[in-house]
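Content type mmCIF, C-alpha atoms and all ligand atoms, from the file work_32.cif:
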data_target
loop_
_atom_site.group_PDB
_atom_site.id
_atom_site.type_symbol
_atom_site.label_atom_id
_atom_site.label_comp_id
_atom_site.auth_asym_id
_atom_site.auth_seq_id
_atom_site.Cartn_x
_atom_site.Cartn_y
_atom_site.Cartn_z
ATOM 1 C CA MET J 1157 10.414 8.473 -53.030
ATOM 2 C CA LYS J 1158 13.169 9.867 -55.217
ATOM 3 C CA ALA J 1159 10.700 10.382 -58.047
ATOM 4 C CA VAL J 1160 8.397 12.290 -55.710
ATOM 5 C CA LEU J 1161 11.259 14.553 -54.620
ATOM 6 C CA ASN J 1162 12.274 15.155 -58.222
ATOM 7 C CA GLY J 1163 8.685 15.976 -59.004
ATOM 8 C CA LEU J 1164 8.571 18.477 -56.157
ATOM 9 C CA ALA J 1165 11.830 20.098 -57.260
ATOM 10 C CA THR J 1166 10.519 20.457 -60.805
ATOM 11 C CA PHE J 1167 7.282 21.911 -59.505
ATOM 12 C CA ALA J 1168 9.199 24.450 -57.368
ATOM 13 C CA LEU J 1169 11.338 25.407 -60.358
ATOM 14 C CA ILE J 1170 8.313 25.921 -62.580
ATOM 15 C CA MET J 1171 6.652 28.025 -59.892
ATOM 16 C CA SER J 1172 9.709 30.233 -59.493
ATOM 17 C CA ILE J 1173 10.024 30.748 -63.250
ATOM 18 C CA ALA J 1174 6.312 31.590 -63.378
ATOM 19 C CA GLY J 1175 6.948 34.055 -60.526
ATOM 20 C CA ILE J 1176 9.678 35.818 -62.467
ATOM 21 C CA ALA J 1177 7.547 35.993 -65.595
ATOM 22 C CA HIS J 1178 4.681 37.396 -63.552
ATOM 23 C CA ALA J 1179 6.855 40.214 -62.168
ATOM 24 C CA ASP J 1180 6.755 41.876 -65.612
ATOM 25 C CA ASP J 1181 3.161 42.929 -65.172
ATOM 26 C CA ASP J 1182 3.104 43.542 -61.442
ATOM 27 C CA TRP J 1183 2.401 47.219 -62.188
ATOM 28 C CA LYS J 1184 -0.987 46.410 -63.741
ATOM 29 C CA GLY J 1185 -4.373 46.876 -62.123
ATOM 30 C CA GLY J 1186 -3.742 49.882 -59.880
ATOM 31 C CA ASP J 1187 -6.393 52.291 -58.615
ATOM 32 C CA ALA J 1188 -5.911 55.813 -60.000
ATOM 33 C CA ALA J 1189 -7.916 57.458 -57.189
ATOM 34 C CA LYS J 1190 -5.636 55.918 -54.573
ATOM 35 C CA GLY J 1191 -2.655 56.780 -56.725
ATOM 36 C CA GLU J 1192 -3.614 60.449 -56.613
ATOM 37 C CA LYS J 1193 -3.108 60.323 -52.834
ATOM 38 C CA VAL J 1194 0.237 58.551 -53.226
ATOM 39 C CA PHE J 1195 1.292 61.295 -55.657
ATOM 40 C CA LYS J 1196 1.145 63.794 -52.769
ATOM 41 C CA LYS J 1197 4.534 62.386 -51.782
ATOM 42 C CA CYS J 1198 5.894 63.430 -55.162
ATOM 43 C CA GLN J 1199 4.272 66.877 -55.309
ATOM 44 C CA ALA J 1200 6.886 68.596 -53.183
ATOM 45 C CA CYS J 1201 9.226 68.098 -56.115
ATOM 46 C CA HIS J 1202 7.071 67.362 -59.190
ATOM 47 C CA THR J 1203 4.087 68.803 -61.055
ATOM 48 C CA VAL J 1204 2.204 66.568 -63.502
ATOM 49 C CA GLU J 1205 -0.145 68.935 -65.378
ATOM 50 C CA GLU J 1206 0.546 69.951 -68.969
ATOM 51 C CA GLY J 1207 2.949 72.881 -69.061
ATOM 52 C CA GLY J 1208 3.451 72.668 -65.270
ATOM 53 C CA PRO J 1209 6.696 74.064 -63.917
ATOM 54 C CA ASN J 1210 9.734 72.031 -63.005
ATOM 55 C CA ARG J 1211 10.316 72.092 -59.264
ATOM 56 C CA VAL J 1212 13.202 70.293 -57.579
ATOM 57 C CA GLY J 1213 12.406 67.558 -60.103
ATOM 58 C CA PRO J 1214 11.136 67.840 -63.698
ATOM 59 C CA ASN J 1215 7.460 68.192 -64.687
ATOM 60 C CA LEU J 1216 6.044 64.683 -65.213
ATOM 61 C CA HIS J 1217 3.410 65.382 -67.874
ATOM 62 C CA GLY J 1218 3.462 62.592 -70.452
ATOM 63 C CA ILE J 1219 5.987 60.639 -68.389
ATOM 64 C CA LEU J 1220 4.883 57.187 -69.568
ATOM 65 C CA ASP J 1221 7.120 56.018 -72.390
ATOM 66 C CA ARG J 1222 8.933 59.359 -72.313
ATOM 67 C CA PRO J 1223 12.659 58.947 -72.920
ATOM 68 C CA THR J 1224 14.582 59.290 -69.642
ATOM 69 C CA ALA J 1225 16.088 62.729 -68.939
ATOM 70 C CA SER J 1226 14.473 64.278 -72.022
ATOM 71 C CA LYS J 1227 13.090 67.604 -70.743
ATOM 72 C CA ALA J 1228 15.270 70.210 -72.380
ATOM 73 C CA ASP J 1229 14.493 72.838 -69.729
ATOM 74 C CA TYR J 1230 15.556 70.667 -66.784
ATOM 75 C CA ASN J 1231 19.077 70.097 -65.542
ATOM 76 C CA TYR J 1232 19.352 66.345 -64.876
ATOM 77 C CA SER J 1233 22.169 64.588 -63.004
ATOM 78 C CA SER J 1234 24.813 62.981 -65.177
ATOM 79 C CA ALA J 1235 23.569 59.585 -63.900
ATOM 80 C CA MET J 1236 20.071 60.254 -65.258
ATOM 81 C CA LYS J 1237 21.443 61.702 -68.524
ATOM 82 C CA ALA J 1238 23.531 58.555 -69.025
ATOM 83 C CA LYS J 1239 20.386 56.408 -68.684
ATOM 84 C CA GLY J 1240 18.654 58.572 -71.279
ATOM 85 C CA ALA J 1241 21.648 58.362 -73.609
ATOM 86 C CA SER J 1242 21.515 54.557 -73.356
ATOM 87 C CA GLY J 1243 17.989 54.659 -74.811
ATOM 88 C CA MET J 1244 15.999 54.067 -71.627
ATOM 89 C CA LYS J 1245 12.335 55.112 -71.530
ATOM 90 C CA TRP J 1246 9.921 55.417 -68.617
ATOM 91 C CA THR J 1247 7.880 52.318 -69.324
ATOM 92 C CA GLU J 1248 5.574 51.106 -66.554
ATOM 93 C CA GLU J 1249 8.093 48.369 -65.732
ATOM 94 C CA ASN J 1250 10.908 50.887 -65.344
ATOM 95 C CA LEU J 1251 8.786 53.223 -63.231
ATOM 96 C CA PHE J 1252 7.702 50.309 -61.049
ATOM 97 C CA SER J 1253 11.353 49.429 -60.340
ATOM 98 C CA TYR J 1254 12.665 52.995 -60.117
ATOM 99 C CA LEU J 1255 10.019 54.086 -57.621
ATOM 100 C CA GLU J 1256 10.791 51.184 -55.303
ATOM 101 C CA LYS J 1257 14.331 52.454 -54.754
ATOM 102 C CA PRO J 1258 15.414 55.313 -57.037
ATOM 103 C CA GLN J 1259 19.068 55.237 -55.978
ATOM 104 C CA ALA J 1260 19.324 51.521 -56.738
ATOM 105 C CA PHE J 1261 17.737 51.776 -60.209
ATOM 106 C CA VAL J 1262 19.661 54.937 -61.200
ATOM 107 C CA PRO J 1263 22.784 55.010 -59.010
ATOM 108 C CA GLY J 1264 23.877 58.622 -58.553
ATOM 109 C CA THR J 1265 20.450 60.177 -59.202
ATOM 110 C CA ASN J 1266 19.646 63.536 -57.605
ATOM 111 C CA MET J 1267 16.194 62.294 -56.676
ATOM 112 C CA THR J 1268 16.568 62.069 -52.913
ATOM 113 C CA PHE J 1269 13.376 60.105 -52.398
ATOM 114 C CA PRO J 1270 13.754 56.827 -50.502
ATOM 115 C CA GLY J 1271 11.138 54.993 -52.587
ATOM 116 C CA LEU J 1272 7.747 53.368 -52.179
ATOM 117 C CA LYS J 1273 8.228 49.953 -50.576
ATOM 118 C CA LYS J 1274 4.641 48.772 -51.086
ATOM 119 C CA PRO J 1275 3.963 47.368 -54.575
ATOM 120 C CA GLU J 1276 0.313 48.477 -54.200
ATOM 121 C CA ASP J 1277 1.358 52.123 -53.801
ATOM 122 C CA ARG J 1278 3.483 51.920 -56.935
ATOM 123 C CA LYS J 1279 0.704 50.219 -58.899
ATOM 124 C CA ASP J 1280 -1.838 52.848 -57.850
ATOM 125 C CA LEU J 1281 0.595 55.638 -58.650
ATOM 126 C CA ILE J 1282 1.228 54.269 -62.148
ATOM 127 C CA ALA J 1283 -2.540 54.051 -62.751
ATOM 128 C CA TYR J 1284 -2.806 57.697 -61.665
ATOM 129 C CA LEU J 1285 0.087 58.768 -63.874
ATOM 130 C CA GLU J 1286 -1.534 57.007 -66.824
ATOM 131 C CA THR J 1287 -4.491 59.386 -66.543
ATOM 132 C CA ALA J 1288 -3.024 62.526 -64.940
ATOM 133 C CA ALA J 1289 0.018 62.594 -67.149
ATOM 134 C CA GLY J 1290 -2.172 62.872 -70.230
ATOM 135 C CA HIS J 1291 -2.223 59.239 -71.385
ATOM 136 C CA THR J 1292 -5.317 57.467 -72.504
ATOM 137 C CA LYS J 1293 -4.397 53.804 -72.041
HETATM 138 C C1 LIG F 1 12.783 65.366 -52.843
HETATM 139 C C2 LIG F 1 12.336 65.662 -54.193
HETATM 140 C C3 LIG F 1 11.685 64.550 -54.977
HETATM 141 C C4 LIG F 1 10.630 63.739 -54.630
HETATM 142 C C5 LIG F 1 9.864 63.708 -53.312
HETATM 143 C C6 LIG F 1 10.363 62.914 -55.793
HETATM 144 N N1 LIG F 1 11.231 63.212 -56.808
HETATM 145 FE FE1 LIG F 1 11.239 62.400 -58.682
HETATM 146 N N2 LIG F 1 12.878 63.483 -59.167
HETATM 147 C C7 LIG F 1 13.493 64.404 -58.336
HETATM 148 C C8 LIG F 1 14.697 64.898 -58.975
HETATM 149 C C9 LIG F 1 15.672 65.915 -58.384
HETATM 150 C C10 LIG F 1 14.764 64.248 -60.232
HETATM 151 C C11 LIG F 1 15.876 64.366 -61.276
HETATM 152 C C12 LIG F 1 16.857 63.251 -60.952
HETATM 153 C C13 LIG F 1 18.172 63.278 -61.689
HETATM 154 O O1 LIG F 1 18.392 64.121 -62.596
HETATM 155 O O2 LIG F 1 19.005 62.421 -61.332
HETATM 156 C C14 LIG F 1 13.602 63.372 -60.320
HETATM 157 C C15 LIG F 1 13.319 62.559 -61.408
HETATM 158 C C16 LIG F 1 12.189 61.781 -61.534
HETATM 159 C C17 LIG F 1 11.840 61.025 -62.699
HETATM 160 C C18 LIG F 1 12.612 60.972 -64.015
HETATM 161 C C19 LIG F 1 12.050 62.077 -64.918
HETATM 162 C C20 LIG F 1 12.668 62.218 -66.293
HETATM 163 O O3 LIG F 1 12.282 63.180 -66.981
HETATM 164 O O4 LIG F 1 13.500 61.390 -66.703
HETATM 165 C C21 LIG F 1 10.652 60.411 -62.421
HETATM 166 C C22 LIG F 1 9.866 59.496 -63.345
HETATM 167 C C23 LIG F 1 10.277 60.777 -61.077
HETATM 168 N N3 LIG F 1 11.231 61.614 -60.562
HETATM 169 C C24 LIG F 1 9.128 60.356 -60.455
HETATM 170 C C25 LIG F 1 8.814 60.639 -59.112
HETATM 171 C C26 LIG F 1 7.631 60.147 -58.439
HETATM 172 C C27 LIG F 1 6.517 59.356 -59.100
HETATM 173 C C28 LIG F 1 7.719 60.549 -57.133
HETATM 174 C C29 LIG F 1 6.783 60.241 -55.977
HETATM 175 C C30 LIG F 1 6.652 58.833 -55.638
HETATM 176 C C31 LIG F 1 8.931 61.338 -57.017
HETATM 177 N N4 LIG F 1 9.558 61.361 -58.234
HETATM 178 C C32 LIG F 1 9.355 61.968 -55.854
HETATM 179 C C33 LIG F 1 13.070 64.793 -57.082
HETATM 180 C C34 LIG F 1 12.053 64.196 -56.355
#
What would the structure in this file look like if it were written as structure tokens?
Amino acid sequence: MKAVLNGLATFALIMSIAGIAHADDDWKGGDAAKGEKVFKKCQACHTVEEGGPNRVGPNLHGILDRPTASKADYNYSSAMKAKGASGMKWTEENLFSYLEKPQAFVPGTNMTFPGLKKPEDRKDLIAYLETAAGHTK
């Protein structure tokens, strides 16, 4: 009996480690067409086309892998600038976490957007940004 319980505990541990490892690519496999609709929530404050204006938030063209707070013509919060100064980039993983709860990922950010709770919405949005923001991957 003890051996069975130990076996179960080991199995549970392996599953939870596998779960953590899996979280790294949770952003993959989104639907860009659906993501375009999700982006409507961002449009009040962001444009994404090349050379588009900054609104309340900075233009997001080329956002993937762009260093955080790197648009010279936009006045970022000191919280966002500090992230940029620490070498952070907008990888898919970072976007996936930031967009769930911006104020938790960058405490003190000016982005007063509560976040997208549904992982599917964030996945779709990232797929959209990969195309709309001028990336080819
Ligand atoms: C109410 C306005 C508002 C909405 C809605 C909004 N944002 Fe923002 N966003 C901002 C502001 C303001 C900043 C700059 C934050 C700072 O400097 O702390 C920002 C910053 C960002 C950044 C960092 C850009 C950089 O150059 O480092 C990303 C990425 C971003 N927003 C993505 C999004 C996405 C995607 C959505 C939609 C899900 C969204 N935002 C919705 C206002 C908004």
May I have the residues within 10 Å of Thr1247 in chain J as a PyMOL selection string, using all atoms listed in the file and disregarding those fewer than 4 positions away in the same chain?
-> chain J and resi 1219-1224+1251-1252+1282
Distance query range 1257-1273 of chain J at most 10 Å, only C-alpha atoms, self and fewer than 6 positions along chain excluded, as a ChimeraX atom specification = /J:1194,1197-1198,1201,1212-1213,1232-1239,1250-1251,1281
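Evaluating the PyMOL selection byres (((chain J and resi 1207) around 12) and not hetatm) against the shown model yields J:Thr1203, J:Val1204, J:Glu1205, J:Glu1206, J:Gly1208, J:Pro1209, J:Asn1210, J:Pro1214, J:Asn1215, J:Leu1216, J:His1217, J:Gly1218, J:Lys1227, J:Asp1229, J:Ala1289, J:Gly1290.
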Export of the given selection (C-alpha atoms) as a compact mmCIF listing (two decimals), in the frame of the given file:
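Below is the file that was written, out14.txt:
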# COMPACT_ATOMS: atom_id res chain seq x y z
CA THR J 1203 4.09 68.80 -61.06
CA VAL J 1204 2.20 66.57 -63.50
CA GLU J 1205 -0.14 68.94 -65.38
CA GLU J 1206 0.55 69.95 -68.97
CA GLY J 1208 3.45 72.67 -65.27
CA PRO J 1209 6.70 74.06 -63.92
CA ASN J 1210 9.73 72.03 -63.00
CA PRO J 1214 11.14 67.84 -63.70
CA ASN J 1215 7.46 68.19 -64.69
CA LEU J 1216 6.04 64.68 -65.21
CA HIS J 1217 3.41 65.38 -67.87
CA GLY J 1218 3.46 62.59 -70.45
CA LYS J 1227 13.09 67.60 -70.74
CA ASP J 1229 14.49 72.84 -69.73
CA ALA J 1289 0.02 62.59 -67.15
CA GLY J 1290 -2.17 62.87 -70.23
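Atom pair atom O1 of ligand LIG 1 (chain F) / CA of Gly1185 in chain J has a distance of 28.6 Å (rounded to one decimal).
Atom pair CA of Ser1242 in chain J / atom C5 of ligand LIG 1 (chain F) has a distance of 24.9 Å (rounded to one decimal).
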Might you spell out which residues the PyMOL selection byres (((chain J and resi 1284) around 8) and not hetatm) would select in the displayed file, as an MDAnalysis selection string?
-> chainID J and resid 1187:1192 1280:1283 1285:1289
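Counting all atoms listed in the file and comparing J:Ala1200, J:Glu1276, J:Glu1249, J:Ala1228, the residue that lies closest to ligand LIG 1 (chain F) is J:Ala1200.
For the pair CA of Gly1240 in chain J and atom C25 of ligand LIG 1 (chain F), the separation is 15.8 Å.
Each of J:Gly1243, J:Gly1186, J:Pro1275, J:Tyr1254 was compared to ligand LIG 1 (chain F) using all atoms listed in the file, and J:Tyr1254 turns out to be the nearest.
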Draw an axis-aligned box tight on the listed atoms of range 1281-1290 of chain J, then pad every side by 5 Å and write out centre and edge lengths in Å to one decimal as lines of an AutoDock Vina configuration file.
center_x = -1.6
center_y = 58.5
center_z = -64.4
size_x = 15.7
size_y = 18.8
size_z = 21.6
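Residue nearest Asp1181 in chain J, chosen from J:Glu1256, J:Glu1248, J:His1202, J:Arg1211 and counting only C-alpha atoms: J:Glu1248.
Between ligand LIG 1 (chain F) and the candidates J:Asp1277, J:Ala1225, J:Ser1253, J:Gln1199, the tightest atom-to-atom separation, counting only C-alpha atoms and all ligand atoms, involves J:Ala1225.
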Looking at J:Lys1274, J:Ala1241, J:Asp1182, J:Trp1246, which one is nearest to ligand LIG 1 (chain F), with distances taken over only C-alpha atoms and all ligand atoms?
-> J:Trp1246
